[in-house]
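Peer 1: Structure supplied as work.cif; contents: mmCIF, C-alpha atoms.
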```cif
data_data
#
loop_
_atom_site.label_atom_id
_atom_site.label_comp_id
_atom_site.auth_asym_id
_atom_site.auth_seq_id
_atom_site.Cartn_x
_atom_site.Cartn_y
_atom_site.Cartn_z
CA MET A 15 39.37 -19.95 0.44
CA LYS A 16 40.85 -22.95 2.18
CA LEU A 17 42.10 -25.65 -0.18
CA PRO A 18 41.20 -29.26 0.66
CA LYS A 19 44.02 -31.42 1.96
CA ILE A 20 45.00 -34.90 0.92
CA THR A 21 46.62 -36.99 3.65
CA LEU A 22 48.45 -40.19 2.78
CA SER A 23 50.76 -42.45 4.71
CA PRO A 24 54.26 -43.04 3.30
CA ARG A 25 53.16 -46.54 2.31
CA GLN A 26 50.14 -45.18 0.43
CA VAL A 27 52.33 -42.66 -1.39
CA LEU A 28 54.66 -45.43 -2.54
CA ASP A 29 51.72 -47.66 -3.49
CA ASP A 30 50.13 -44.87 -5.54
CA ILE A 31 53.36 -44.08 -7.38
CA ALA A 32 53.90 -47.77 -8.13
CA LEU A 33 50.31 -48.16 -9.31
CA CYS A 34 50.62 -45.21 -11.70
CA LEU A 35 53.93 -46.50 -13.04
CA VAL A 36 52.36 -49.90 -13.70
CA PHE A 37 49.24 -48.41 -15.31
CA PHE A 38 50.78 -45.59 -17.36
CA THR A 39 53.95 -47.37 -18.52
CA ARG A 40 55.09 -50.75 -19.80
CA LEU A 41 58.22 -50.81 -17.68
CA PRO A 42 59.11 -54.28 -16.32
CA LEU A 43 58.19 -53.59 -12.71
CA PRO A 44 57.72 -56.18 -9.96
CA VAL A 45 54.28 -57.14 -8.69
CA PHE A 46 53.12 -54.82 -5.90
CA ASP A 47 50.55 -55.18 -3.16
CA TYR A 48 48.48 -52.01 -3.40
CA ARG A 49 46.47 -52.75 -0.25
CA GLY A 50 43.19 -51.88 -1.93
CA ARG A 51 44.36 -48.64 -3.56
CA GLY A 52 42.64 -47.93 -6.90
CA LEU A 53 43.48 -45.72 -9.85
CA ALA A 54 41.03 -42.98 -8.84
CA ALA A 55 42.77 -42.56 -5.49
CA ALA A 56 46.27 -42.90 -6.93
CA ILE A 57 45.96 -40.69 -10.02
CA TRP A 58 47.51 -37.73 -8.20
CA ALA A 59 50.80 -39.58 -8.85
CA ALA A 60 50.29 -39.75 -12.63
CA PRO A 61 52.68 -36.79 -13.17
CA ILE A 62 55.44 -38.85 -11.54
CA ALA A 63 54.88 -41.58 -14.13
CA GLY A 64 54.99 -38.84 -16.75
CA LEU A 65 58.28 -37.58 -15.35
CA VAL A 66 59.76 -41.08 -15.79
CA VAL A 67 58.49 -41.25 -19.38
CA GLY A 68 59.97 -37.81 -20.10
CA LEU A 69 63.31 -38.78 -18.59
CA ILE A 70 63.52 -41.88 -20.78
CA GLY A 71 62.80 -39.81 -23.87
CA ALA A 72 65.43 -37.25 -22.84
CA ILE A 73 68.06 -39.94 -22.29
CA VAL A 74 67.43 -41.32 -25.78
CA PHE A 75 67.58 -37.79 -27.24
CA ALA A 76 70.91 -37.09 -25.51
CA THR A 77 72.36 -40.45 -26.55
CA ALA A 78 71.38 -39.92 -30.20
CA GLU A 79 72.83 -36.41 -30.18
CA ARG A 80 76.00 -37.74 -28.55
CA PHE A 81 76.48 -40.13 -31.48
CA GLY A 82 76.26 -37.27 -33.93
CA LEU A 83 72.65 -37.46 -35.06
CA ALA A 84 70.95 -34.22 -36.05
CA ILE A 85 68.18 -32.72 -33.94
CA GLY A 86 65.37 -34.05 -36.14
CA PRO A 87 66.32 -37.73 -35.92
CA SER A 88 67.17 -37.33 -32.22
CA ALA A 89 63.69 -35.92 -31.59
CA ALA A 90 62.12 -38.76 -33.57
CA LEU A 91 63.97 -41.38 -31.54
CA ALA A 92 62.95 -39.65 -28.30
CA LEU A 93 59.31 -39.90 -29.38
CA VAL A 94 59.79 -43.57 -30.22
CA ALA A 95 61.16 -44.10 -26.71
CA THR A 96 58.24 -42.38 -25.00
CA VAL A 97 55.64 -44.19 -27.09
CA ALA A 98 57.34 -47.53 -26.45
CA THR A 99 57.48 -46.77 -22.71
CA THR A 100 53.73 -46.11 -22.53
CA GLY A 101 52.73 -48.84 -24.96
CA CYS A 102 50.80 -46.30 -27.08
CA LEU A 103 48.27 -46.10 -24.24
CA HIS A 104 47.25 -42.50 -24.86
CA GLU A 105 47.69 -42.63 -28.64
CA ASP A 106 45.12 -45.43 -28.68
CA GLY A 107 42.70 -43.19 -26.80
CA LEU A 108 43.26 -40.31 -29.20
CA SER A 109 42.58 -42.43 -32.27
CA ASP A 110 39.45 -43.97 -30.75
CA VAL A 111 38.06 -40.57 -29.79
CA ALA A 112 38.77 -39.15 -33.25
CA ASP A 113 37.03 -42.08 -34.92
CA GLY A 114 34.06 -41.97 -32.53
CA PHE A 115 33.50 -38.23 -32.50
CA GLY A 116 34.16 -37.91 -36.22
CA GLY A 117 32.26 -40.93 -37.49
CA GLY A 118 29.36 -41.41 -35.07
CA LYS A 119 26.00 -39.76 -35.63
CA SER A 120 24.55 -40.40 -32.16
CA ARG A 121 25.95 -40.65 -28.65
CA GLY A 122 25.48 -44.41 -28.62
CA ARG A 123 27.11 -44.86 -32.00
CA LYS A 124 30.07 -42.69 -30.99
CA LEU A 125 30.65 -44.83 -27.89
CA GLU A 126 30.30 -47.99 -29.96
CA ILE A 127 32.92 -46.82 -32.47
CA MET A 128 35.27 -45.81 -29.66
CA ARG A 129 35.15 -49.39 -28.38
CA ASP A 130 36.02 -50.84 -31.77
CA SER A 131 39.68 -51.87 -31.87
CA ARG A 132 39.92 -51.11 -35.58
CA ILE A 133 41.27 -47.72 -36.60
CA GLY A 134 39.49 -45.52 -39.12
CA ALA A 135 40.44 -42.52 -41.21
CA TYR A 136 39.78 -40.00 -38.43
CA GLY A 137 41.89 -41.96 -35.98
CA ALA A 138 44.76 -42.44 -38.42
CA VAL A 139 44.85 -38.74 -39.25
CA ALA A 140 44.69 -37.77 -35.57
CA LEU A 141 47.63 -40.05 -34.75
CA ALA A 142 49.68 -38.77 -37.69
CA LEU A 143 49.05 -35.15 -36.74
CA SER A 144 49.84 -35.79 -33.07
CA LEU A 145 53.18 -37.38 -33.90
CA LEU A 146 53.99 -34.73 -36.50
CA ILE A 147 53.25 -31.80 -34.18
CA ARG A 148 55.14 -33.32 -31.26
CA TRP A 149 58.13 -34.16 -33.42
CA SER A 150 58.24 -30.74 -35.07
CA ALA A 151 57.97 -28.98 -31.69
CA LEU A 152 60.69 -31.11 -30.09
CA SER A 153 62.90 -30.57 -33.14
CA GLN A 154 63.10 -26.88 -32.25
CA VAL A 155 65.26 -27.53 -29.18
CA VAL A 156 68.98 -27.41 -29.85
CA GLU A 157 70.57 -29.33 -27.00
CA PRO A 158 69.85 -32.31 -24.70
CA THR A 159 69.20 -30.14 -21.62
CA GLN A 160 66.44 -28.30 -23.43
CA ALA A 161 64.98 -31.60 -24.61
CA LEU A 162 65.02 -32.82 -21.01
CA PHE A 163 63.14 -29.75 -19.80
CA ALA A 164 60.60 -29.94 -22.64
CA LEU A 165 59.90 -33.67 -22.30
CA VAL A 166 59.68 -33.72 -18.50
CA ALA A 167 57.40 -30.67 -18.43
CA ALA A 168 55.16 -32.02 -21.21
CA HIS A 169 54.78 -35.55 -19.87
CA ALA A 170 54.28 -34.54 -16.24
CA ALA A 171 51.85 -31.68 -16.89
CA SER A 172 49.82 -33.64 -19.45
CA ARG A 173 49.13 -36.30 -16.82
CA GLY A 174 48.52 -33.80 -14.05
CA VAL A 175 45.22 -32.74 -15.65
CA LEU A 176 43.77 -36.24 -15.92
CA GLY A 177 42.47 -36.42 -12.35
CA ALA A 178 40.68 -33.08 -12.69
CA PHE A 179 39.09 -34.23 -15.94
CA MET A 180 37.81 -37.44 -14.33
CA HIS A 181 36.57 -35.47 -11.31
CA LEU A 182 34.63 -32.92 -13.34
CA LEU A 183 33.09 -35.25 -15.93
CA PRO A 184 31.02 -38.34 -15.10
CA PRO A 185 31.75 -41.64 -16.89
CA ALA A 186 29.93 -41.75 -20.22
CA ARG A 187 29.15 -45.45 -19.79
CA SER A 188 28.49 -47.67 -16.79
CA ASP A 189 31.33 -50.05 -17.61
CA GLY A 190 34.80 -49.68 -19.05
CA LEU A 191 38.15 -48.43 -17.81
CA SER A 192 37.05 -45.01 -16.59
CA ALA A 193 33.96 -46.26 -14.80
CA GLY A 194 35.98 -49.05 -13.21
CA ALA A 195 38.62 -46.62 -11.98
CA GLY A 196 36.15 -45.04 -9.55
CA THR A 197 35.47 -41.45 -8.56
CA VAL A 198 38.37 -39.02 -8.32
CA SER A 199 38.04 -36.76 -5.29
CA LEU A 200 38.58 -33.01 -5.42
CA GLU A 201 41.63 -33.36 -3.16
CA THR A 202 43.21 -35.94 -5.46
CA ALA A 203 42.45 -33.85 -8.56
CA ILE A 204 44.05 -30.75 -7.07
CA ALA A 205 47.12 -32.67 -5.86
CA GLY A 206 47.69 -34.11 -9.32
CA ALA A 207 47.22 -30.75 -11.04
CA VAL A 208 49.67 -29.00 -8.72
CA LEU A 209 52.23 -31.78 -9.00
CA GLY A 210 51.94 -31.72 -12.78
CA ALA A 211 52.27 -27.93 -12.96
CA ILE A 212 55.53 -27.70 -11.00
CA PRO A 213 57.77 -29.07 -13.81
CA LEU A 214 56.44 -26.35 -16.11
CA LEU A 215 58.83 -24.00 -14.30
CA LEU A 216 61.58 -25.71 -16.31
CA LEU A 217 60.29 -23.65 -19.23
CA GLY A 218 60.94 -20.41 -17.35
CA LEU A 219 58.34 -18.23 -15.67
CA GLY A 220 57.01 -16.89 -18.96
CA GLY A 221 56.94 -20.32 -20.52
CA ALA A 222 55.22 -21.83 -17.48
CA THR A 223 52.56 -19.12 -17.56
CA ALA A 224 51.96 -19.58 -21.28
CA ALA A 225 51.79 -23.36 -20.87
CA LEU A 226 49.24 -23.09 -18.05
CA ILE A 227 47.07 -20.78 -20.14
CA LEU A 228 47.21 -23.05 -23.18
CA LEU A 229 46.59 -26.13 -21.04
CA GLY A 230 43.56 -24.43 -19.53
CA LEU A 231 42.17 -23.56 -22.96
CA PHE A 232 42.69 -27.08 -24.29
CA PHE A 233 41.17 -28.56 -21.12
CA ALA A 234 38.07 -26.34 -21.29
CA ALA A 235 37.55 -26.96 -25.01
CA PHE A 236 37.91 -30.72 -24.73
CA HIS A 237 35.71 -30.79 -21.62
CA ALA A 238 32.95 -29.02 -23.57
CA LEU A 239 33.46 -31.28 -26.58
CA CYS A 240 33.10 -34.46 -24.52
CA LEU A 241 29.95 -33.16 -22.85
CA ASN A 242 28.49 -32.34 -26.25
CA GLN A 243 29.51 -35.59 -27.93
CA ILE A 244 29.11 -38.32 -25.30
CA GLU A 245 27.87 -36.49 -22.16
CA GLY A 246 30.85 -37.55 -20.10
CA GLN A 247 34.28 -39.14 -20.28
CA THR A 248 35.80 -42.52 -21.00
CA GLY A 249 39.28 -43.99 -20.73
CA ASP A 250 39.79 -43.11 -24.39
CA ALA A 251 38.81 -39.50 -23.72
CA VAL A 252 41.28 -39.33 -20.84
CA GLY A 253 44.01 -40.62 -23.16
CA ALA A 254 43.09 -38.09 -25.84
CA LEU A 255 43.29 -35.28 -23.29
CA GLN A 256 46.81 -36.39 -22.36
CA GLN A 257 47.83 -36.18 -26.01
CA LEU A 258 46.34 -32.72 -26.47
CA SER A 259 47.97 -31.49 -23.26
CA GLU A 260 51.37 -32.92 -24.21
CA ILE A 261 51.11 -31.13 -27.55
CA ALA A 262 50.20 -27.87 -25.81
CA VAL A 263 53.26 -27.95 -23.54
CA LEU A 264 55.65 -29.00 -26.31
CA LEU A 265 54.42 -26.14 -28.49
CA VAL A 266 55.15 -23.67 -25.70
CA ALA A 267 58.52 -25.33 -25.02
CA SER A 268 59.48 -25.01 -28.68
CA VAL A 269 59.20 -21.24 -28.28
CA ALA A 270 60.35 -20.79 -24.68
CA LEU A 271 63.47 -22.98 -24.95
CA SER A 272 64.56 -22.39 -28.54
#
```
Spit out the file's structure as structure tokens when you get a sec.

Peer 2:
Amino acid sequence: MKLPKITLSPRQVLDDIALCLVFFTRLPLPVFDYRGRGLAAAIWAAPIAGLVVGLIGAIVFATAERFGLAIGPSAALALVATVATTGCLHEDGLSDVADGFGGGKSRGRKLEIMRDSRIGAYGAVALALSLLIRWSALSQVVEPTQALFALVAAHAASRGVLGAFMHLLPPARSDGLSAGAGTVSLETAIAGAVLGAIPLLLLGLGGATAALILLGLFFAAFHALCLNQIEGQTGDAVGALQQLSEIAVLLVASVALS
């Protein structure tokens, strides 16, 4: 079987990386001219934005540990850094999906709740559990190098699956962030998935294999859930998938690196 190829000019590569950094982070970056490039075409570079987020978290972890903080507080500060870097972009999606899927009785009502900026009980619990699981997993590492490997692998791989998710599932509504992003091609989806999977090798061969398996299970389960609940995907669903995937990799890292 011959895999499809994605061909980009050096300028397009740089534009796509810049676009993903602007979209997936709140870093103070200069204004770029993307020459018509959209998120659907550029999302192969989302793992690179994830790598930057992971590096920032790792730097904060190492700095806290350097000043004598215990692993628990260092892990908490690293999470604060990553959440601040992304502006809670994916956490917002997770809470909206939890509220919509948990509180809506019909497809239309679920989508309506997901658009509501207010947070409900399902969303609050989902956010609390996400932060708790990520913190507890990261707290299992015992040194800054291990934190670096765990955070880079988790943030890159969790964004590598987003293009495939958008390729496989149609937008659940005709407007909104996901619909406006456009259609993700098979080539772009594969490129993003491969790029996101490479940092998993930081967990060792066994850890990388376990992470890929768990990522695949989470991806398949959430794919089926979205089809059942809203018959497609939204920007919130994409954000929720990132959170679930980050959790999956951090759980594996807590075992593989500890």

Peer 1: When distances are computed from all atoms listed in the file, which of A:Gly137, A:Gly101, A:Gly230, A:Gly206 shows the smallest separation from Phe115 in chain A?

Peer 2: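 Closest to Phe115 in chain A, using all atoms listed in the file: A:Gly137.
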
Peer 1: Any chance you could resolve the PyMOL selection byres ((chain A and resi 253) around 7) against this file and give the residues as a ChimeraX atom specification?

Peer 2: /A:104-105,107-108,249-252,254-257

Peer 1: How close does each residue of range 99-209 of chain A get to range 239-246 of chain A, giving the shortest atom pair and distance in Å to one decimal for every residue with an atom at most 6 Å away, counting all atoms listed in the file, sorted by chain and residue number, as JSON lines?

Peer 2:
```
{"residue": "A:Arg121", "atom": "CA", "partner": "A:Ile244", "partner_atom": "CA", "distance": 5.2}
{"residue": "A:Leu183", "atom": "CA", "partner": "A:Gly246", "partner_atom": "CA", "distance": 5.3}
{"residue": "A:Pro184", "atom": "CA", "partner": "A:Gly246", "partner_atom": "CA", "distance": 5.1}
{"residue": "A:Pro185", "atom": "CA", "partner": "A:Gly246", "partner_atom": "CA", "distance": 5.3}
{"residue": "A:Ala186", "atom": "CA", "partner": "A:Gly246", "partner_atom": "CA", "distance": 4.3}
```

Peer 1: If we count all atoms listed in the file and set the cut-off at 12 Å, which residues sit around Pro42 in chain A, ignoring sequence neighbours fewer than 4 positions away in its own chain? Please answer as a PyMOL selection string.

Peer 2: chain A and resi 32+35-37+99-100

Peer 1: Of the residues A:Ala224, A:Leu176, A:Val66, A:Ile73, which is the one nearest to Ala262 in chain A, using all atoms listed in the file?

Peer 2: A:Ala224

Peer 1: Taking into account only C-alpha atoms, which residue in the set A:Ile261, A:Val111, A:Ile62, A:Val155 is nearest to Ser131 in chain A?

Peer 2: A:Val111

Peer 1: Considering all atoms listed in the file, state which residue in the set A:Ala55, A:Leu41, A:Leu146, A:Ala225 is at the smallest distance from Leu22 in chain A.

Peer 2: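 Smallest separation from Leu22 in chain A among the options: A:Ala55.
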
Peer 1: How big is the axis-aligned box around the listed atoms of range 37-42 of chain A once 3 Å is added on each side, and where is its centre? Give both in Å to one decimal, as lines of an AutoDock Vina configuration file.

Peer 2:
```
center_x = 54.2
center_y = -49.9
center_z = -17.6
size_x = 15.9
size_y = 14.7
size_z = 10.5
```

Peer 1: Using all atoms listed in the file, which residues sit within 6 Å of range 159-171 of chain A once same-chain residues fewer than 4 positions away are excluded, as a list in words?

Peer 2: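 Using all atoms listed in the file, the neighbours found are Pro61, Gly64, Leu65, Gly68, Ala72, Val155, Gly210, Ala211, Pro213, Leu214, Leu216, Glu260, Val263, Leu264 and Ala267 of chain A.
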
Peer 1: At a cut-off of 10 Å, using all atoms listed in the file, what residues contact Asp130 in chain A? Leave out same-chain residues fewer than 4 positions from it and give the result as an NGL selection string.

Peer 2: :A and (110 or 113-114 or 125-126 or 134)

Peer 1: Using all atoms listed in the file - which residues lie no farther than 10 Å from the point (44.6, -25.4, -27.0) in the file's frame? Write them as a list of chain:residue names.

Peer 2: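 Every residue inside that radius is included here: A:Ala225, A:Ile227, A:Leu228, A:Leu229, A:Gly230, A:Leu231, A:Phe232, A:Phe233, A:Ala234, A:Ala235, A:Phe236, A:Leu258, A:Ser259, A:Ile261, A:Ala262, A:Val263, A:Leu265.
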
Peer 1: Given all atoms listed in the file as the basis, pick out the residue of A:Gly122, A:Ala63, A:Ala78, A:Gly196 nearest to Arg51 in chain A.

Peer 2: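 Using all atoms listed in the file, Arg51 in chain A sits closest to A:Gly196.
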
Peer 1: So the first atom is CA of Ala142 in chain A and the second is CA of Ala90 in chain A; what is the distance between them in Å, to one decimal place?

Peer 2: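 Those two atoms sit 13.1 Å apart.
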
Peer 1: Using all atoms listed in the file for the distances, tell me which of A:Leu53, A:Ile147, A:Val266, A:Ile133 is nearest to Met180 in chain A.

Peer 2: A:Leu53

Peer 1: Quick one: everything within 7 Å of Ala92 in chain A, counting only C-alpha atoms, minus sequence neighbours fewer than 3 positions away in the same chain. Send it as a list in words.

Peer 2: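 Result of the neighbour search: Gly71, Ala72, Val74, Phe75, Ser88, Ala89, Ala95 and Thr96 of chain A.
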
Peer 1: Residues within 10 Å of (44.9, -43.4, -9.7), file coordinates, counting all atoms listed in the file: what are they? Give the list as a short mmCIF file (atom, residue, chain, number, x, y, z; two decimals) with C-alpha atoms, in the frame of the given file.

Peer 2:
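Written out: point10.cif:
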```cif
data_model
loop_
_atom_site.label_atom_id
_atom_site.label_comp_id
_atom_site.auth_asym_id
_atom_site.auth_seq_id
_atom_site.Cartn_x
_atom_site.Cartn_y
_atom_site.Cartn_z
CA ASP A 30 50.13 -44.87 -5.54
CA ILE A 31 53.36 -44.08 -7.38
CA LEU A 33 50.31 -48.16 -9.31
CA CYS A 34 50.62 -45.21 -11.70
CA PHE A 37 49.24 -48.41 -15.31
CA PHE A 38 50.78 -45.59 -17.36
CA ARG A 51 44.36 -48.64 -3.56
CA GLY A 52 42.64 -47.93 -6.90
CA LEU A 53 43.48 -45.72 -9.85
CA ALA A 54 41.03 -42.98 -8.84
CA ALA A 55 42.77 -42.56 -5.49
CA ALA A 56 46.27 -42.90 -6.93
CA ILE A 57 45.96 -40.69 -10.02
CA TRP A 58 47.51 -37.73 -8.20
CA ALA A 59 50.80 -39.58 -8.85
CA ALA A 60 50.29 -39.75 -12.63
CA LEU A 176 43.77 -36.24 -15.92
CA GLY A 177 42.47 -36.42 -12.35
CA ALA A 195 38.62 -46.62 -11.98
CA GLY A 196 36.15 -45.04 -9.55
CA THR A 197 35.47 -41.45 -8.56
CA VAL A 198 38.37 -39.02 -8.32
CA THR A 202 43.21 -35.94 -5.46
CA ALA A 203 42.45 -33.85 -8.56
CA GLY A 206 47.69 -34.11 -9.32
#
```
